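Printed here is query_9.txt (compact mmCIF, N, CA and C atoms):
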# COMPACT_ATOMS: atom_id res chain seq x y z
N MET A 4 -215.12 -116.76 28.23
CA MET A 4 -215.91 -117.22 29.35
C MET A 4 -216.71 -116.02 29.88
N LYS A 5 -217.91 -116.32 30.39
CA LYS A 5 -218.81 -115.29 30.91
C LYS A 5 -219.16 -115.59 32.36
N VAL A 6 -219.42 -114.53 33.10
CA VAL A 6 -219.98 -114.64 34.45
C VAL A 6 -221.33 -113.95 34.44
N TYR A 7 -222.31 -114.63 35.00
CA TYR A 7 -223.66 -114.09 35.13
C TYR A 7 -223.96 -113.93 36.61
N GLU A 8 -224.52 -112.80 36.97
CA GLU A 8 -224.93 -112.57 38.35
C GLU A 8 -226.43 -112.32 38.38
N LEU A 9 -227.11 -113.08 39.22
CA LEU A 9 -228.55 -112.99 39.41
C LEU A 9 -228.79 -112.34 40.77
N PHE A 10 -229.45 -111.19 40.77
CA PHE A 10 -229.76 -110.46 41.98
C PHE A 10 -231.23 -110.76 42.32
N LEU A 11 -231.44 -111.62 43.31
CA LEU A 11 -232.77 -112.12 43.62
C LEU A 11 -233.35 -111.40 44.83
N PRO A 12 -234.48 -110.69 44.65
CA PRO A 12 -235.09 -110.00 45.80
C PRO A 12 -235.67 -111.00 46.78
N LEU A 13 -235.67 -110.62 48.06
CA LEU A 13 -236.20 -111.48 49.11
C LEU A 13 -237.64 -111.14 49.49
N SER A 14 -238.14 -110.01 48.99
CA SER A 14 -239.51 -109.62 49.30
C SER A 14 -240.09 -108.84 48.12
N ASP A 15 -241.41 -108.67 48.13
CA ASP A 15 -242.06 -107.92 47.06
C ASP A 15 -241.94 -106.42 47.31
N ASN A 16 -242.51 -105.63 46.45
CA ASN A 16 -242.37 -104.17 46.54
C ASN A 16 -243.07 -103.57 47.76
N ASN A 17 -243.93 -104.34 48.41
CA ASN A 17 -244.59 -103.89 49.64
C ASN A 17 -243.86 -104.38 50.89
N GLY A 18 -242.73 -105.07 50.70
CA GLY A 18 -241.96 -105.56 51.83
C GLY A 18 -242.39 -106.92 52.35
N VAL A 19 -243.33 -107.57 51.66
CA VAL A 19 -243.79 -108.89 52.09
C VAL A 19 -242.76 -109.93 51.63
N PRO A 20 -242.18 -110.68 52.57
CA PRO A 20 -241.15 -111.67 52.19
C PRO A 20 -241.70 -112.76 51.27
N PHE A 21 -240.87 -113.16 50.31
CA PHE A 21 -241.22 -114.27 49.43
C PHE A 21 -241.01 -115.58 50.18
N ASP A 22 -241.75 -116.60 49.78
CA ASP A 22 -241.48 -117.96 50.24
C ASP A 22 -240.25 -118.42 49.45
N LEU A 23 -239.15 -118.55 50.13
CA LEU A 23 -237.88 -118.85 49.47
C LEU A 23 -237.56 -120.33 49.43
N ALA A 24 -238.59 -121.16 49.56
CA ALA A 24 -238.39 -122.61 49.52
C ALA A 24 -237.83 -123.08 48.19
N PHE A 25 -237.95 -122.25 47.15
CA PHE A 25 -237.47 -122.64 45.82
C PHE A 25 -235.96 -122.43 45.65
N ILE A 26 -235.30 -121.76 46.57
CA ILE A 26 -233.88 -121.45 46.40
C ILE A 26 -233.01 -122.70 46.27
N PRO A 27 -233.19 -123.75 47.09
CA PRO A 27 -232.35 -124.95 46.87
C PRO A 27 -232.50 -125.54 45.47
N SER A 28 -233.72 -125.57 44.93
CA SER A 28 -233.88 -126.11 43.58
C SER A 28 -233.28 -125.16 42.54
N LEU A 29 -233.31 -123.86 42.80
CA LEU A 29 -232.67 -122.90 41.89
C LEU A 29 -231.16 -123.12 41.89
N ARG A 30 -230.58 -123.34 43.05
CA ARG A 30 -229.13 -123.62 43.12
C ARG A 30 -228.79 -124.85 42.30
N VAL A 31 -229.62 -125.89 42.37
CA VAL A 31 -229.38 -127.11 41.60
C VAL A 31 -229.43 -126.80 40.11
N ARG A 32 -230.40 -125.99 39.68
CA ARG A 32 -230.50 -125.63 38.26
C ARG A 32 -229.28 -124.87 37.78
N LEU A 33 -228.61 -124.16 38.67
CA LEU A 33 -227.45 -123.35 38.30
C LEU A 33 -226.13 -124.09 38.46
N LEU A 34 -226.17 -125.34 38.90
CA LEU A 34 -224.94 -126.10 39.12
C LEU A 34 -224.12 -126.20 37.83
N GLY A 35 -222.84 -126.27 38.02
CA GLY A 35 -221.91 -126.32 36.91
C GLY A 35 -220.85 -125.26 37.11
N GLY A 36 -221.14 -124.29 37.92
CA GLY A 36 -220.21 -123.21 38.22
C GLY A 36 -220.93 -122.11 38.96
N VAL A 37 -221.63 -122.45 40.04
CA VAL A 37 -222.41 -121.45 40.76
C VAL A 37 -221.79 -121.15 42.12
N THR A 38 -221.82 -119.88 42.48
CA THR A 38 -221.49 -119.44 43.83
C THR A 38 -222.72 -118.73 44.34
N PHE A 39 -223.15 -119.09 45.54
CA PHE A 39 -224.35 -118.51 46.13
C PHE A 39 -223.93 -117.65 47.32
N PHE A 40 -224.39 -116.42 47.32
CA PHE A 40 -224.12 -115.49 48.41
C PHE A 40 -225.42 -115.35 49.21
N PRO A 41 -225.64 -116.22 50.22
CA PRO A 41 -226.93 -116.26 50.91
C PRO A 41 -227.17 -115.11 51.88
N GLN A 42 -226.10 -114.40 52.26
CA GLN A 42 -226.30 -113.30 53.19
C GLN A 42 -227.07 -112.17 52.48
N PRO A 43 -228.07 -111.62 53.13
CA PRO A 43 -228.84 -110.54 52.50
C PRO A 43 -227.95 -109.34 52.20
N ASN A 44 -228.12 -108.78 51.03
CA ASN A 44 -227.44 -107.57 50.59
C ASN A 44 -228.51 -106.52 50.32
N GLU A 45 -228.12 -105.26 50.38
CA GLU A 45 -229.06 -104.19 50.07
C GLU A 45 -228.82 -103.69 48.66
N GLY A 46 -229.92 -103.52 47.93
CA GLY A 46 -229.86 -102.94 46.61
C GLY A 46 -230.74 -101.70 46.58
N TYR A 47 -230.29 -100.67 45.91
CA TYR A 47 -231.05 -99.43 45.79
C TYR A 47 -231.19 -99.09 44.33
N TRP A 48 -232.33 -98.58 43.95
CA TRP A 48 -232.53 -98.14 42.58
C TRP A 48 -233.49 -96.97 42.58
N LEU A 49 -233.32 -96.10 41.60
CA LEU A 49 -234.09 -94.87 41.48
C LEU A 49 -235.01 -94.96 40.28
N MET A 50 -236.28 -94.66 40.51
CA MET A 50 -237.25 -94.64 39.42
C MET A 50 -238.22 -93.49 39.65
N ALA A 51 -238.35 -92.63 38.64
CA ALA A 51 -239.26 -91.49 38.70
C ALA A 51 -239.05 -90.66 39.97
N GLY A 52 -237.80 -90.45 40.33
CA GLY A 52 -237.47 -89.62 41.48
C GLY A 52 -237.66 -90.29 42.83
N VAL A 53 -238.02 -91.57 42.85
CA VAL A 53 -238.23 -92.30 44.10
C VAL A 53 -237.12 -93.34 44.24
N THR A 54 -236.49 -93.39 45.41
CA THR A 54 -235.46 -94.38 45.68
C THR A 54 -236.11 -95.59 46.34
N TYR A 55 -235.86 -96.76 45.76
CA TYR A 55 -236.38 -98.02 46.28
C TYR A 55 -235.23 -98.81 46.87
N ARG A 56 -235.56 -99.61 47.89
CA ARG A 56 -234.56 -100.45 48.54
C ARG A 56 -235.04 -101.89 48.49
N ASP A 57 -234.15 -102.79 48.11
CA ASP A 57 -234.45 -104.21 48.10
C ASP A 57 -233.42 -104.94 48.95
N GLU A 58 -233.86 -105.99 49.62
CA GLU A 58 -232.94 -106.96 50.19
C GLU A 58 -232.83 -108.07 49.18
N ILE A 59 -231.59 -108.43 48.83
CA ILE A 59 -231.36 -109.41 47.78
C ILE A 59 -230.34 -110.45 48.23
N VAL A 60 -230.35 -111.59 47.54
CA VAL A 60 -229.25 -112.55 47.58
C VAL A 60 -228.72 -112.64 46.16
N ILE A 61 -227.49 -113.09 46.04
CA ILE A 61 -226.83 -113.08 44.73
C ILE A 61 -226.34 -114.49 44.39
N PHE A 62 -226.60 -114.86 43.14
CA PHE A 62 -226.04 -116.08 42.56
C PHE A 62 -225.06 -115.65 41.48
N ARG A 63 -223.86 -116.23 41.48
CA ARG A 63 -222.86 -115.95 40.43
C ARG A 63 -222.59 -117.26 39.71
N VAL A 64 -222.68 -117.23 38.39
CA VAL A 64 -222.52 -118.44 37.57
C VAL A 64 -221.45 -118.18 36.51
N VAL A 65 -220.52 -119.11 36.39
CA VAL A 65 -219.50 -119.07 35.34
C VAL A 65 -219.95 -120.01 34.24
N ALA A 66 -219.93 -119.51 33.00
CA ALA A 66 -220.38 -120.31 31.86
C ALA A 66 -219.41 -120.14 30.69
N SER A 67 -219.17 -121.23 30.00
CA SER A 67 -218.27 -121.16 28.84
C SER A 67 -219.04 -121.04 27.53
N ASN A 68 -220.30 -121.44 27.51
CA ASN A 68 -221.10 -121.36 26.29
C ASN A 68 -222.08 -120.20 26.41
N GLN A 69 -221.71 -119.07 25.84
CA GLN A 69 -222.50 -117.85 25.99
C GLN A 69 -223.91 -118.00 25.41
N ARG A 70 -224.03 -118.60 24.26
CA ARG A 70 -225.36 -118.73 23.62
C ARG A 70 -226.32 -119.53 24.51
N THR A 71 -225.86 -120.67 25.00
CA THR A 71 -226.68 -121.50 25.88
C THR A 71 -227.00 -120.78 27.18
N ALA A 72 -226.00 -120.13 27.77
CA ALA A 72 -226.19 -119.43 29.03
C ALA A 72 -227.18 -118.27 28.88
N ARG A 73 -227.05 -117.50 27.83
CA ARG A 73 -227.98 -116.37 27.61
C ARG A 73 -229.42 -116.87 27.46
N ARG A 74 -229.58 -117.92 26.69
CA ARG A 74 -230.93 -118.48 26.51
C ARG A 74 -231.49 -118.95 27.85
N PHE A 75 -230.67 -119.65 28.63
CA PHE A 75 -231.09 -120.13 29.93
C PHE A 75 -231.48 -118.97 30.85
N PHE A 76 -230.63 -117.95 30.93
CA PHE A 76 -230.90 -116.84 31.86
C PHE A 76 -232.07 -115.97 31.40
N ARG A 77 -232.27 -115.83 30.13
CA ARG A 77 -233.46 -115.10 29.66
C ARG A 77 -234.73 -115.83 30.07
N GLN A 78 -234.75 -117.14 29.91
CA GLN A 78 -235.90 -117.95 30.30
C GLN A 78 -236.09 -117.91 31.82
N LEU A 79 -235.00 -118.08 32.57
CA LEU A 79 -235.07 -118.04 34.03
C LEU A 79 -235.59 -116.69 34.51
N LYS A 80 -235.12 -115.62 33.90
CA LYS A 80 -235.56 -114.28 34.28
C LYS A 80 -237.08 -114.15 34.15
N GLU A 81 -237.63 -114.60 33.03
CA GLU A 81 -239.08 -114.53 32.83
C GLU A 81 -239.83 -115.38 33.84
N GLU A 82 -239.31 -116.58 34.14
CA GLU A 82 -239.92 -117.44 35.15
C GLU A 82 -239.96 -116.76 36.51
N LEU A 83 -238.84 -116.16 36.90
CA LEU A 83 -238.75 -115.50 38.20
C LEU A 83 -239.64 -114.27 38.26
N LYS A 84 -239.70 -113.51 37.18
CA LYS A 84 -240.58 -112.34 37.16
C LYS A 84 -242.02 -112.74 37.39
N ARG A 85 -242.45 -113.81 36.74
CA ARG A 85 -243.83 -114.30 36.93
C ARG A 85 -244.04 -114.83 38.33
N ALA A 86 -243.14 -115.71 38.77
CA ALA A 86 -243.30 -116.37 40.07
C ALA A 86 -243.27 -115.38 41.23
N LEU A 87 -242.43 -114.35 41.11
CA LEU A 87 -242.27 -113.38 42.20
C LEU A 87 -243.06 -112.09 41.97
N ARG A 88 -243.80 -112.05 40.88
CA ARG A 88 -244.61 -110.87 40.53
C ARG A 88 -243.76 -109.60 40.53
N GLN A 89 -242.66 -109.64 39.82
CA GLN A 89 -241.74 -108.51 39.71
C GLN A 89 -241.74 -107.96 38.29
N GLU A 90 -241.60 -106.65 38.18
CA GLU A 90 -241.48 -106.04 36.86
C GLU A 90 -240.12 -106.33 36.24
N GLU A 91 -239.13 -106.50 37.10
CA GLU A 91 -237.78 -106.73 36.61
C GLU A 91 -237.00 -107.59 37.60
N ILE A 92 -236.12 -108.42 37.08
CA ILE A 92 -235.13 -109.17 37.85
C ILE A 92 -233.79 -108.85 37.20
N LEU A 93 -232.83 -108.39 38.00
CA LEU A 93 -231.54 -108.00 37.44
C LEU A 93 -230.63 -109.21 37.29
N ILE A 94 -230.19 -109.43 36.06
CA ILE A 94 -229.17 -110.43 35.75
C ILE A 94 -228.14 -109.72 34.89
N ILE A 95 -226.88 -109.77 35.30
CA ILE A 95 -225.84 -109.11 34.52
C ILE A 95 -224.90 -110.16 33.94
N GLU A 96 -224.25 -109.77 32.84
CA GLU A 96 -223.30 -110.65 32.15
C GLU A 96 -221.99 -109.90 32.00
N ARG A 97 -220.89 -110.59 32.32
CA ARG A 97 -219.56 -109.99 32.18
C ARG A 97 -218.60 -110.96 31.54
N ASP A 98 -217.64 -110.43 30.78
CA ASP A 98 -216.53 -111.23 30.27
C ASP A 98 -215.54 -111.45 31.39
N VAL A 99 -215.02 -112.68 31.47
CA VAL A 99 -213.99 -112.98 32.47
C VAL A 99 -212.95 -113.89 31.85
N GLU A 100 -211.78 -113.90 32.48
CA GLU A 100 -210.71 -114.83 32.13
C GLU A 100 -210.27 -115.52 33.40
N ALA A 101 -210.17 -116.83 33.37
CA ALA A 101 -209.66 -117.58 34.50
C ALA A 101 -208.12 -117.58 34.46
N LEU A 102 -207.52 -117.46 35.60
CA LEU A 102 -206.05 -117.47 35.67
C LEU A 102 -205.55 -118.88 35.84

Can you turn what I pasted into structure tokens?
Amino acid sequence: MKVYELFLPLSDNNGVPFDLAFIPSLRVRLLGGVTFFPQPNEGYWLMAGVTYRDEIVIFRVVASNQRTARRFFRQLKEELKRALRQEEILIIERDVEAL
């Protein structure tokens, strides 16, 4: 079983907030094993000696079919990059075992 975490920025690189009206439909697309952390979190990353700060929300998805999930998240990542005009959207994948 795999867990995927989608770190979704709330604003662009200039600090302009995104129209987040799409979040409810994104939650529906992730149904099947999704946990949504709607409280804003801070993310920091370093590039070329400059530290950037993002406000993000996190979606966590549990999936049993890795091939299908990877294909879905790769496609979703590209959609979000285009829609939000981002160079990158962080999605991580981890192995998990349910107790």

* 9 Å contact set for Ser67 of chain A, only C-alpha atoms, chain neighbours under 2 positions out, as a count of residues only -> 7

Taking all listed atoms of segment 46-52 of chain A, build the axis-aligned box, pad each of the six sides by 3 Å, then write its centre and edge lengths in Å to one decimal as lines of an AutoDock Vina configuration file.
center_x = -234.6
center_y = -96.6
center_z = 43.3
size_x = 15.4
size_y = 19.9
size_z = 15.3

* Return as an MDAnalysis selection string the full set of residues in chain A whose backbone-based DSSP assignment is strand (DSSP E or B). => chainID A and resid 5:12 14 20 37:50 53:66 93:98

Would you save the residues of that selection, restricted to N, CA and C atoms, as a short mmCIF file (atom, residue, chain, number, x, y, z; two decimals), in the coordinates of the input?
data_model
loop_
_atom_site.label_atom_id
_atom_site.label_comp_id
_atom_site.auth_asym_id
_atom_site.auth_seq_id
_atom_site.Cartn_x
_atom_site.Cartn_y
_atom_site.Cartn_z
N LYS A 5 -217.91 -116.32 30.39
CA LYS A 5 -218.81 -115.29 30.91
C LYS A 5 -219.16 -115.59 32.36
N VAL A 6 -219.42 -114.53 33.10
CA VAL A 6 -219.98 -114.64 34.45
C VAL A 6 -221.33 -113.95 34.44
N TYR A 7 -222.31 -114.63 35.00
CA TYR A 7 -223.66 -114.09 35.13
C TYR A 7 -223.96 -113.93 36.61
N GLU A 8 -224.52 -112.80 36.97
CA GLU A 8 -224.93 -112.57 38.35
C GLU A 8 -226.43 -112.32 38.38
N LEU A 9 -227.11 -113.08 39.22
CA LEU A 9 -228.55 -112.99 39.41
C LEU A 9 -228.79 -112.34 40.77
N PHE A 10 -229.45 -111.19 40.77
CA PHE A 10 -229.76 -110.46 41.98
C PHE A 10 -231.23 -110.76 42.32
N LEU A 11 -231.44 -111.62 43.31
CA LEU A 11 -232.77 -112.12 43.62
C LEU A 11 -233.35 -111.40 44.83
N PRO A 12 -234.48 -110.69 44.65
CA PRO A 12 -235.09 -110.00 45.80
C PRO A 12 -235.67 -111.00 46.78
N SER A 14 -238.14 -110.01 48.99
CA SER A 14 -239.51 -109.62 49.30
C SER A 14 -240.09 -108.84 48.12
N PRO A 20 -242.18 -110.68 52.57
CA PRO A 20 -241.15 -111.67 52.19
C PRO A 20 -241.70 -112.76 51.27
N VAL A 37 -221.63 -122.45 40.04
CA VAL A 37 -222.41 -121.45 40.76
C VAL A 37 -221.79 -121.15 42.12
N THR A 38 -221.82 -119.88 42.48
CA THR A 38 -221.49 -119.44 43.83
C THR A 38 -222.72 -118.73 44.34
N PHE A 39 -223.15 -119.09 45.54
CA PHE A 39 -224.35 -118.51 46.13
C PHE A 39 -223.93 -117.65 47.32
N PHE A 40 -224.39 -116.42 47.32
CA PHE A 40 -224.12 -115.49 48.41
C PHE A 40 -225.42 -115.35 49.21
N PRO A 41 -225.64 -116.22 50.22
CA PRO A 41 -226.93 -116.26 50.91
C PRO A 41 -227.17 -115.11 51.88
N GLN A 42 -226.10 -114.40 52.26
CA GLN A 42 -226.30 -113.30 53.19
C GLN A 42 -227.07 -112.17 52.48
N PRO A 43 -228.07 -111.62 53.13
CA PRO A 43 -228.84 -110.54 52.50
C PRO A 43 -227.95 -109.34 52.20
N ASN A 44 -228.12 -108.78 51.03
CA ASN A 44 -227.44 -107.57 50.59
C ASN A 44 -228.51 -106.52 50.32
N GLU A 45 -228.12 -105.26 50.38
CA GLU A 45 -229.06 -104.19 50.07
C GLU A 45 -228.82 -103.69 48.66
N GLY A 46 -229.92 -103.52 47.93
CA GLY A 46 -229.86 -102.94 46.61
C GLY A 46 -230.74 -101.70 46.58
N TYR A 47 -230.29 -100.67 45.91
CA TYR A 47 -231.05 -99.43 45.79
C TYR A 47 -231.19 -99.09 44.33
N TRP A 48 -232.33 -98.58 43.95
CA TRP A 48 -232.53 -98.14 42.58
C TRP A 48 -233.49 -96.97 42.58
N LEU A 49 -233.32 -96.10 41.60
CA LEU A 49 -234.09 -94.87 41.48
C LEU A 49 -235.01 -94.96 40.28
N MET A 50 -236.28 -94.66 40.51
CA MET A 50 -237.25 -94.64 39.42
C MET A 50 -238.22 -93.49 39.65
N VAL A 53 -238.02 -91.57 42.85
CA VAL A 53 -238.23 -92.30 44.10
C VAL A 53 -237.12 -93.34 44.24
N THR A 54 -236.49 -93.39 45.41
CA THR A 54 -235.46 -94.38 45.68
C THR A 54 -236.11 -95.59 46.34
N TYR A 55 -235.86 -96.76 45.76
CA TYR A 55 -236.38 -98.02 46.28
C TYR A 55 -235.23 -98.81 46.87
N ARG A 56 -235.56 -99.61 47.89
CA ARG A 56 -234.56 -100.45 48.54
C ARG A 56 -235.04 -101.89 48.49
N ASP A 57 -234.15 -102.79 48.11
CA ASP A 57 -234.45 -104.21 48.10
C ASP A 57 -233.42 -104.94 48.95
N GLU A 58 -233.86 -105.99 49.62
CA GLU A 58 -232.94 -106.96 50.19
C GLU A 58 -232.83 -108.07 49.18
N ILE A 59 -231.59 -108.43 48.83
CA ILE A 59 -231.36 -109.41 47.78
C ILE A 59 -230.34 -110.45 48.23
N VAL A 60 -230.35 -111.59 47.54
CA VAL A 60 -229.25 -112.55 47.58
C VAL A 60 -228.72 -112.64 46.16
N ILE A 61 -227.49 -113.09 46.04
CA ILE A 61 -226.83 -113.08 44.73
C ILE A 61 -226.34 -114.49 44.39
N PHE A 62 -226.60 -114.86 43.14
CA PHE A 62 -226.04 -116.08 42.56
C PHE A 62 -225.06 -115.65 41.48
N ARG A 63 -223.86 -116.23 41.48
CA ARG A 63 -222.86 -115.95 40.43
C ARG A 63 -222.59 -117.26 39.71
N VAL A 64 -222.68 -117.23 38.39
CA VAL A 64 -222.52 -118.44 37.57
C VAL A 64 -221.45 -118.18 36.51
N VAL A 65 -220.52 -119.11 36.39
CA VAL A 65 -219.50 -119.07 35.34
C VAL A 65 -219.95 -120.01 34.24
N ALA A 66 -219.93 -119.51 33.00
CA ALA A 66 -220.38 -120.31 31.86
C ALA A 66 -219.41 -120.14 30.69
N LEU A 93 -232.83 -108.39 38.00
CA LEU A 93 -231.54 -108.00 37.44
C LEU A 93 -230.63 -109.21 37.29
N ILE A 94 -230.19 -109.43 36.06
CA ILE A 94 -229.17 -110.43 35.75
C ILE A 94 -228.14 -109.72 34.89
N ILE A 95 -226.88 -109.77 35.30
CA ILE A 95 -225.84 -109.11 34.52
C ILE A 95 -224.90 -110.16 33.94
N GLU A 96 -224.25 -109.77 32.84
CA GLU A 96 -223.30 -110.65 32.15
C GLU A 96 -221.99 -109.90 32.00
N ARG A 97 -220.89 -110.59 32.32
CA ARG A 97 -219.56 -109.99 32.18
C ARG A 97 -218.60 -110.96 31.54
N ASP A 98 -217.64 -110.43 30.78
CA ASP A 98 -216.53 -111.23 30.27
C ASP A 98 -215.54 -111.45 31.39
#

* Fewer than 2 positions away in the same chain doesn't count, so skip those; otherwise give me all residues within 8 Å of Phe62 of chain A, counting all atoms listed in the file, as a PyMOL selection string. => chain A and resi 7-11+37-41+59-60+64-65

* Just the helix (DSSP H, G or I) stuff from chain A, please, per backbone DSSP, written as a PyMOL selection string. => chain A and resi 23-32+69-87

* Structure fact -> Between A:Arg88, A:Arg63, A:Arg30, A:Arg56, smallest distance to Gly18 of chain A by only C-alpha atoms belongs to A:Arg56

* Just the residues within 10 Å of Asp57 of chain A, please, counting only C-alpha atoms, with nothing from its chain fewer than 2 positions along; format it as a PyMOL selection string. => chain A and resi 10-16+18+43-48+55+59-60

* Could you work out how far atom CA of Ala101 of chain A lies from atom CA of Ser28 of chain A, giving the answer in Å with one decimal? ->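 If I compute the distance from atom CA of Ser28 of chain A to atom CA of Ala101 of chain A, I get 27.2 Å.
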
* To do: Select, from A:Ile61, A:Ile94, A:Val99, A:Ile26, the residue with the minimum atom-to-atom distance to Phe76 of chain A, counting all atoms listed in the file.
  => A:Ile94
